[in-house]
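K.L.:
Got a structure for you, final-v4.cif, holding mmCIF, C-alpha atoms and all ligand atoms.
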```cif
data_work
#
loop_
_atom_site.label_atom_id
_atom_site.label_comp_id
_atom_site.auth_asym_id
_atom_site.auth_seq_id
_atom_site.Cartn_x
_atom_site.Cartn_y
_atom_site.Cartn_z
CA MET N 1 0.00 0.00 0.00
CA ILE N 2 1.29 3.44 -0.85
CA ALA N 3 1.73 5.54 2.24
CA ARG N 4 -0.86 8.28 2.49
CA ARG N 5 1.88 10.77 3.17
CA GLN N 6 3.52 9.94 -0.17
CA LEU N 7 0.22 10.49 -1.98
CA LEU N 8 -0.35 13.74 -0.20
CA GLY N 9 3.13 14.85 -1.04
CA ALA N 10 2.44 14.42 -4.75
CA LEU N 11 -0.58 16.72 -4.79
CA PRO N 12 -0.68 20.49 -4.49
CA ALA N 13 -1.93 21.06 -0.95
CA GLY N 14 -4.74 23.39 -2.06
CA LEU N 15 -6.51 20.61 -3.97
CA LEU N 16 -6.99 18.59 -0.79
CA LEU N 17 -9.13 21.24 0.84
CA SER N 18 -12.82 20.53 0.72
CA GLY N 19 -15.52 23.12 1.13
CA CYS N 20 -13.43 25.95 -0.23
CA ASP N 21 -15.41 28.73 -1.86
CA ALA N 22 -15.34 29.40 -5.60
CA LEU N 23 -12.74 32.11 -5.34
CA THR N 24 -10.33 29.85 -3.50
CA LYS N 25 -10.83 27.16 -6.14
CA VAL N 26 -9.99 29.62 -8.91
CA ASP N 27 -6.90 30.71 -7.03
CA THR N 28 -5.93 27.10 -6.46
CA LEU N 29 -6.27 26.32 -10.16
CA LYS N 30 -4.19 29.33 -11.04
CA ALA N 31 -1.55 28.13 -8.59
CA VAL N 32 -1.56 24.67 -10.21
CA VAL N 33 -1.26 26.18 -13.71
CA LYS N 34 1.50 28.42 -12.41
CA SER N 35 3.38 25.49 -10.87
CA GLY N 36 3.02 23.63 -14.20
CA GLU N 37 4.57 26.57 -16.00
CA GLN N 38 7.41 26.68 -13.50
CA ALA N 39 7.88 22.94 -13.88
CA THR N 40 8.26 23.34 -17.68
CA TYR N 41 10.72 26.14 -17.06
CA ARG N 42 12.82 24.08 -14.63
CA TRP N 43 12.55 20.96 -16.79
CA GLN N 44 13.81 22.75 -19.91
CA ARG N 45 16.62 24.25 -17.88
CA LEU N 46 17.51 20.77 -16.60
CA VAL N 47 17.42 18.94 -19.94
CA GLY N 48 19.09 21.83 -21.66
CA ARG N 49 17.49 25.04 -22.68
CA ASP N 50 20.60 25.55 -24.76
CA GLY N 51 19.23 22.90 -27.14
CA LEU N 52 18.38 24.22 -30.58
CA ALA N 53 14.88 24.53 -31.94
CA ARG N 54 14.44 22.42 -35.07
CA GLU N 55 15.60 24.09 -38.26
CA PHE N 56 14.03 23.32 -41.62
CA SER N 57 15.10 23.54 -45.26
CA ALA N 58 14.00 25.99 -47.95
CA ALA N 59 11.63 23.32 -49.33
CA ASP N 60 9.65 23.48 -46.07
CA LEU N 61 8.92 27.23 -46.22
CA SER N 62 5.22 28.05 -45.87
CA PRO N 63 3.84 29.65 -49.03
CA VAL N 64 2.13 32.27 -46.88
CA PHE N 65 3.28 33.45 -43.46
CA LYS N 66 0.16 34.77 -41.76
CA VAL N 67 0.24 38.23 -40.16
CA ASN N 68 -1.19 38.19 -36.64
CA GLY N 69 -1.86 40.79 -33.97
CA THR N 70 -0.93 44.30 -35.08
CA ARG N 71 -0.80 44.62 -38.88
CA ARG N 72 0.55 48.18 -38.92
CA PRO N 73 1.21 50.39 -35.87
CA THR N 74 -1.13 53.40 -35.83
CA ASN N 75 1.05 55.79 -33.84
CA SER N 76 2.54 58.74 -35.70
CA GLU N 77 6.11 58.13 -34.47
CA TRP N 78 6.33 54.70 -36.08
CA GLN N 79 4.53 55.88 -39.23
CA ALA N 80 6.98 58.78 -39.64
CA LEU N 81 9.91 56.37 -39.23
CA GLU N 82 8.37 54.04 -41.82
CA ALA N 83 7.85 56.96 -44.25
CA GLY N 84 11.58 57.68 -43.95
CA GLY N 85 12.53 54.09 -44.72
CA PHE N 86 13.55 53.69 -41.05
CA ALA N 87 16.71 55.77 -41.67
CA ASP N 88 16.00 57.67 -38.42
CA TRP N 89 14.94 54.61 -36.43
CA ARG N 90 17.29 53.60 -33.62
CA LEU N 91 17.13 50.57 -31.35
CA ARG N 92 17.80 51.92 -27.88
CA VAL N 93 19.48 49.58 -25.39
CA SER N 94 19.26 50.78 -21.80
CA GLY N 95 18.74 49.73 -18.18
CA LEU N 96 21.34 47.61 -16.39
CA VAL N 97 24.00 48.09 -19.08
CA LYS N 98 27.53 49.44 -18.91
CA LYS N 99 27.01 51.44 -22.09
CA GLU N 100 23.68 52.62 -23.50
CA LEU N 101 23.34 52.05 -27.23
CA ALA N 102 21.29 53.59 -30.02
CA LEU N 103 21.72 51.27 -33.02
CA SER N 104 20.73 52.11 -36.58
CA MET N 105 19.76 49.44 -39.11
CA ALA N 106 23.27 49.86 -40.59
CA ASP N 107 24.82 49.22 -37.15
CA LEU N 108 22.80 46.03 -36.82
CA ALA N 109 23.74 44.96 -40.36
CA SER N 110 27.44 45.36 -39.49
CA LEU N 111 27.19 42.62 -36.85
CA PRO N 112 27.56 38.93 -37.86
CA GLN N 113 24.22 37.75 -39.29
CA ARG N 114 22.39 34.51 -38.61
CA THR N 115 19.80 32.97 -40.93
CA GLN N 116 17.48 30.24 -39.64
CA ILE N 117 14.40 28.47 -40.97
CA THR N 118 12.09 27.70 -38.07
CA ARG N 119 8.45 27.01 -37.29
CA HIS N 120 6.40 29.71 -35.60
CA ASP N 121 3.63 28.35 -33.38
CA CYS N 122 0.80 30.67 -32.36
CA VAL N 123 -1.40 29.75 -29.39
CA GLU N 124 -4.38 30.43 -31.61
CA GLY N 125 -3.63 27.18 -33.39
CA TRP N 126 -1.70 28.02 -36.54
CA SER N 127 1.94 27.52 -37.47
CA ALA N 128 4.15 28.75 -40.28
CA ILE N 129 7.71 28.00 -41.36
CA GLY N 130 9.79 31.03 -42.26
CA GLN N 131 13.39 32.02 -42.81
CA TRP N 132 14.61 34.77 -40.49
CA THR N 133 17.83 36.79 -40.70
CA GLY N 134 19.47 39.17 -38.26
CA PRO N 135 22.19 39.59 -35.64
CA GLN N 136 22.16 37.47 -32.50
CA LEU N 137 20.77 39.31 -29.49
CA ALA N 138 23.81 38.02 -27.52
CA ASN N 139 26.16 40.19 -29.57
CA VAL N 140 24.09 43.32 -28.99
CA LEU N 141 24.01 42.59 -25.25
CA LYS N 142 27.76 41.96 -25.22
CA ALA N 143 28.29 45.32 -26.93
CA ALA N 144 26.24 47.05 -24.23
CA GLY N 145 27.68 44.97 -21.38
CA LEU N 146 25.37 43.72 -18.61
CA ARG N 147 25.63 45.16 -15.13
CA ASP N 148 25.23 43.22 -11.88
CA GLY N 149 21.63 42.27 -11.17
CA ALA N 150 20.64 41.88 -14.84
CA ARG N 151 18.01 39.12 -15.04
CA TYR N 152 15.57 39.97 -17.81
CA ILE N 153 15.66 41.48 -21.27
CA VAL N 154 12.51 43.52 -21.92
CA PHE N 155 11.43 44.43 -25.47
CA LEU N 156 9.36 47.59 -25.93
CA CYS N 157 7.42 47.77 -29.19
CA ALA N 158 5.95 50.60 -31.25
CA ASP N 159 2.34 49.39 -31.34
CA ASP N 160 -0.64 49.71 -29.06
CA TYR N 161 -2.68 46.55 -29.28
CA GLY N 162 -6.35 46.38 -28.40
CA GLY N 163 -7.47 43.25 -26.62
CA GLU N 164 -9.93 41.09 -28.51
CA ALA N 165 -13.06 40.00 -26.68
CA SER N 166 -12.84 36.50 -28.21
CA LYS N 167 -9.47 36.00 -26.54
CA GLY N 168 -10.63 36.79 -23.01
CA GLY N 169 -8.84 38.77 -20.34
CA LEU N 170 -8.40 42.50 -20.01
CA GLN N 171 -9.56 44.35 -23.05
CA SER N 172 -7.87 47.72 -22.71
CA SER N 173 -5.53 48.73 -25.48
CA SER N 174 -1.93 49.10 -24.41
CA ARG N 175 1.64 49.11 -25.62
CA TYR N 176 2.91 45.70 -26.74
CA TYR N 177 5.97 44.44 -24.90
CA GLU N 178 7.63 41.14 -24.06
CA SER N 179 10.53 39.85 -21.97
CA ILE N 180 12.84 36.86 -21.73
CA ASP N 181 15.46 35.64 -19.26
CA LEU N 182 19.20 35.56 -19.88
CA VAL N 183 19.23 31.87 -20.90
CA ASP N 184 16.96 32.67 -23.85
CA ALA N 185 18.68 36.01 -24.48
CA PHE N 186 22.06 34.35 -25.04
CA HIS N 187 20.64 31.34 -26.93
CA PRO N 188 22.29 31.14 -30.38
CA GLN N 189 18.92 31.14 -32.21
CA THR N 190 17.68 34.27 -30.44
CA ILE N 191 18.06 36.95 -33.09
CA LEU N 192 16.86 40.44 -33.89
CA ALA N 193 15.38 39.73 -37.30
CA HIS N 194 15.19 42.37 -40.02
CA SER N 195 14.25 39.96 -42.83
CA LEU N 196 11.73 37.19 -43.49
CA ASN N 197 12.37 34.85 -46.44
CA GLY N 198 15.13 37.14 -47.70
CA GLN N 199 12.93 40.28 -47.79
CA LYS N 200 13.08 43.20 -45.38
CA LEU N 201 10.24 42.94 -42.87
CA GLY N 202 7.06 44.64 -44.03
CA ALA N 203 4.64 46.47 -41.75
CA GLY N 204 2.75 43.23 -41.02
CA HIS N 205 5.68 41.19 -39.77
CA GLY N 206 7.20 43.86 -37.52
CA ALA N 207 9.27 46.35 -39.53
CA PRO N 208 11.98 47.28 -39.11
CA LEU N 209 13.07 44.73 -36.47
CA ARG N 210 11.51 41.94 -34.43
CA LEU N 211 12.60 39.38 -31.90
CA ARG N 212 12.89 35.69 -32.81
CA VAL N 213 13.22 33.50 -29.73
CA GLU N 214 12.77 30.11 -31.31
CA ARG N 215 12.13 27.94 -28.24
CA GLN N 216 9.01 29.92 -27.39
CA LEU N 217 5.47 30.53 -28.68
CA GLY N 218 4.34 33.16 -31.17
CA TYR N 219 3.38 35.93 -28.78
CA LYS N 220 6.95 36.12 -27.43
CA GLN N 221 8.17 37.09 -30.93
CA ALA N 222 7.87 40.85 -30.36
CA LYS N 223 7.44 42.92 -33.54
CA TYR N 224 8.20 46.65 -34.16
CA LEU N 225 11.10 46.80 -31.68
CA MET N 226 11.97 50.28 -30.38
CA GLN N 227 13.86 49.67 -27.17
CA ILE N 228 15.55 46.90 -25.21
CA VAL N 229 15.74 47.34 -21.45
CA VAL N 230 17.97 45.16 -19.27
CA ALA N 231 16.19 44.78 -15.93
CA ASP N 232 16.36 43.04 -12.55
CA SER N 233 12.58 42.85 -12.24
CA LEU N 234 9.53 42.73 -14.51
CA ALA N 235 7.37 44.64 -12.02
CA PRO N 236 7.86 48.14 -13.54
CA PHE N 237 6.67 47.09 -17.02
CA GLY N 238 3.01 46.99 -18.06
CA GLN N 239 1.06 45.22 -15.35
CA GLY N 240 4.15 43.43 -14.09
CA ASN N 241 3.74 40.02 -15.72
CA GLY N 242 6.42 40.44 -18.36
CA GLY N 243 4.39 40.95 -21.52
CA TYR N 244 1.22 42.13 -23.21
CA TRP N 245 -0.29 38.62 -23.30
CA PRO N 246 1.17 37.50 -19.94
CA ASP N 247 -0.62 40.56 -18.47
CA ARG N 248 -3.80 39.00 -19.91
CA GLY N 249 -3.33 35.56 -18.36
CA TYR N 250 -0.97 33.81 -20.77
CA GLU N 251 2.18 32.20 -19.41
CA TRP N 252 5.30 34.36 -19.30
CA TYR N 253 7.46 31.32 -20.01
CA ALA N 254 5.94 29.98 -23.22
CA GLY N 255 8.54 27.27 -23.92
CA ILE N 256 7.92 24.77 -26.72
N1 LIG U 301 4.53 44.23 -31.29
C1 LIG U 301 3.79 43.12 -31.47
N2 LIG U 301 4.40 41.93 -31.49
C2 LIG U 301 3.70 40.80 -31.66
C3 LIG U 301 2.28 40.81 -31.80
C4 LIG U 301 1.65 42.10 -31.79
O1 LIG U 301 0.42 42.24 -31.92
N3 LIG U 301 2.44 43.22 -31.62
N4 LIG U 301 1.58 39.62 -31.94
C5 LIG U 301 2.26 38.40 -31.49
C6 LIG U 301 1.61 37.16 -31.91
S1 LIG U 301 0.31 36.58 -30.99
C7 LIG U 301 2.11 36.40 -32.93
S2 LIG U 301 1.47 34.88 -33.34
C8 LIG U 301 3.20 36.93 -33.77
C9 LIG U 301 2.73 37.08 -35.20
O2 LIG U 301 3.80 37.45 -36.03
P1 LIG U 301 3.51 37.65 -37.56
O3 LIG U 301 2.48 38.74 -37.69
O4 LIG U 301 4.81 37.97 -38.18
O5 LIG U 301 2.94 36.34 -38.04
O6 LIG U 301 3.72 38.18 -33.34
C10 LIG U 301 3.70 38.37 -31.95
N5 LIG U 301 4.36 39.62 -31.68
MO MO U 302 0.11 34.37 -31.54
#
```
Written as structure tokens, that's how I'd like the structure from this file.
P.N.:
Amino acid sequence: MIARRQLLGALPAGLLLSGCDALTKVDTLKAVVKSGEQATYRWQRLVGRDGLAREFSAADLSPVFKVNGTRRPTNSEWQALEAGGFADWRLRVSGLVKKELALSMADLASLPQRTQITRHDCVEGWSAIGQWTGPQLANVLKAAGLRDGARYIVFLCADDYGGEASKGGLQSSSRYYESIDLVDAFHPQTILAHSLNGQKLGAGHGAPLRLRVERQLGYKQAKYLMQIVVADSLAPFGQGNGGYWPDRGYEWYAGI
């Protein structure tokens, strides 16, 4: 017979409570989901989050790569930059860095480039295989130099995104942002992509620059990058959960 203590040890304590009110049950479920997310996180770290996402060949490219979320930022700053061919756009790198940077597209092009053909998986149930090109985020971070306490890389985007009722959660429109930890930031397939399938990114796919973090789901792939902030905490950004969709109930760590 399995000892009762062993059984109890395997279950989240909250689930053993009877007669808890609805609110407590919801909180308990959230805690279980949260512990599942943390388990995935720890598991990937254990079995090697340095492992590469699968790369495909040119023959596998999807004929159409769907545009999802923002299709074209509506704010005048981004539209003016687009009208100027992004000549005046700069990627600011700030926060816990030794040297703040303001990189032009030419600066980014002067770094070693990586090209990778990967599959993008959106939580909404579609996937697409595309070829992405750009410098590795690691080299940009090395150029800036991380200061003590650096734990997260936060990506601030140009677009305000309005929540969609069909997707649940908070529906206020707010600035899109995302964040990753340093393991993902220094992963070799984590790049700042300026091109998809050999063409400069159009308005739909995140011009002029977007994140590709290939071990994670679609919503982590922040488009329309404006600024990278190196931080010790996610609390000051948005509602504190590390991203536009994480602020609306999606997992921060969306490992696949
Ligand atoms: N700035 C910004 N980044 C974003 C989004 C967005 O609306 N705004 N949508 C996300 C989601 S849910 C997905 S699936 C992908 C879609 O990228 P695509 O339009 O190139 O297919 O971008 C992600 N990054
Ligand atoms: Mo998505």
K.L.:
For ligand MO 302 (chain U), which residue out of N:Val93, N:Leu103, N:Ala222, N:Val183 is the nearest one, using all atoms listed in the file?
P.N.:
N:Ala222
K.L.:
Measuring between only C-alpha atoms, which one of N:Ile153, N:Ala138, N:Ala80, N:Val97 shows the shortest distance to N:His187?
P.N.:
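Using only C-alpha atoms, N:His187 sits closest to N:Ala138.
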K.L.:
Around the point (26.9, 41.6, -36.8) (coordinates from the file), which residues reach within 9 Å if we count all atoms listed in the file? Answer as a list of chain:residue names.
P.N.:
N:Asp107, N:Leu108, N:Ala109, N:Ser110, N:Leu111, N:Pro112, N:Gln113, N:Arg114, N:Gly134, N:Pro135, N:Gln136, N:Asn139, N:Val140
K.L.:
Please find the residues contacting ligand MO 302 (chain U) at a distance of at most 10 Å between atoms, with only C-alpha atoms and all ligand atoms counted, and report them as an NGL selection string.
P.N.:
:N and (67-69 or 120-127 or 217-221 or 245)
K.L.:
Compare N:Gln79, N:Gln38, N:Ser233, N:Thr70 by their minimum atom-to-atom distance to ligand LIG 301 (chain U), counting all atoms listed in the file, and give me the closest one.
P.N.:
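That would be N:Thr70, the residue with the smallest distance to ligand LIG 301 (chain U).
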K.L.:
Looking at all atoms listed in the file, which of N:Gly51, N:Gly243, N:Pro188, N:Gly238 is the one that sits closest to ligand LIG 301 (chain U)?
P.N.:
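Closest candidate: N:Gly243.
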K.L.:
In Å, with one decimal, what is the gap from atom CA of N:Arg175 to atom CA of N:Leu192?
P.N.:
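These two atoms are separated by 19.4 Å.
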K.L.:
Between atom CA of N:Glu214 and atom CA of N:Thr118, what is the distance, to one decimal in Å?
P.N.:
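Going from atom CA of N:Glu214 over to atom CA of N:Thr118 covers 7.2 Å.
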K.L.:
Between N:Arg90, N:Lys200, N:Lys66, N:Arg119, which residue has the minimum interatomic distance to ligand LIG 301 (chain U), considering all atoms listed in the file?
P.N.:
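Selected residue with least distance to ligand LIG 301 (chain U): N:Lys66.
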K.L.:
Pick out the closest residue to N:Gln227 from this set: N:Phe65, N:Trp132, N:Tyr176, N:Tyr161. Count all atoms listed in the file.
P.N.:
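The shortest atom-to-atom distance to N:Gln227 comes from N:Tyr176.
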K.L.:
Which value, in Å to one decimal, gives the distance between atom CA of N:Lys99 and atom CA of N:Arg147?
P.N.:
9.5 Å
K.L.:
Env of N:Asp148: 9 Å cut, atoms = all atoms listed in the file, seq-sep filter 3 positions within chain, self excluded. Answer as a PyMOL selection string.
P.N.:
chain N and resi 96-97+151+232
K.L.:
Would you list the contacts of N:Ser179 as a list in words, taking every protein, DNA or RNA residue within 10 Å and counting all atoms listed in the file, but skipping same-chain residues closer than 2 positions in sequence?
P.N.:
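The neighbour list is Tyr152, Ile153, Val154, Phe155, Leu156, Tyr177, Asp181, Leu182, Asp184, Ala185, Lys220, Gln221, Ala222, Ile228, Val229, Val230, Ala231, Leu234, Phe237, Asn241, Gly242, Gly243, Tyr244, Pro246, Trp252 and Tyr253 of chain N.
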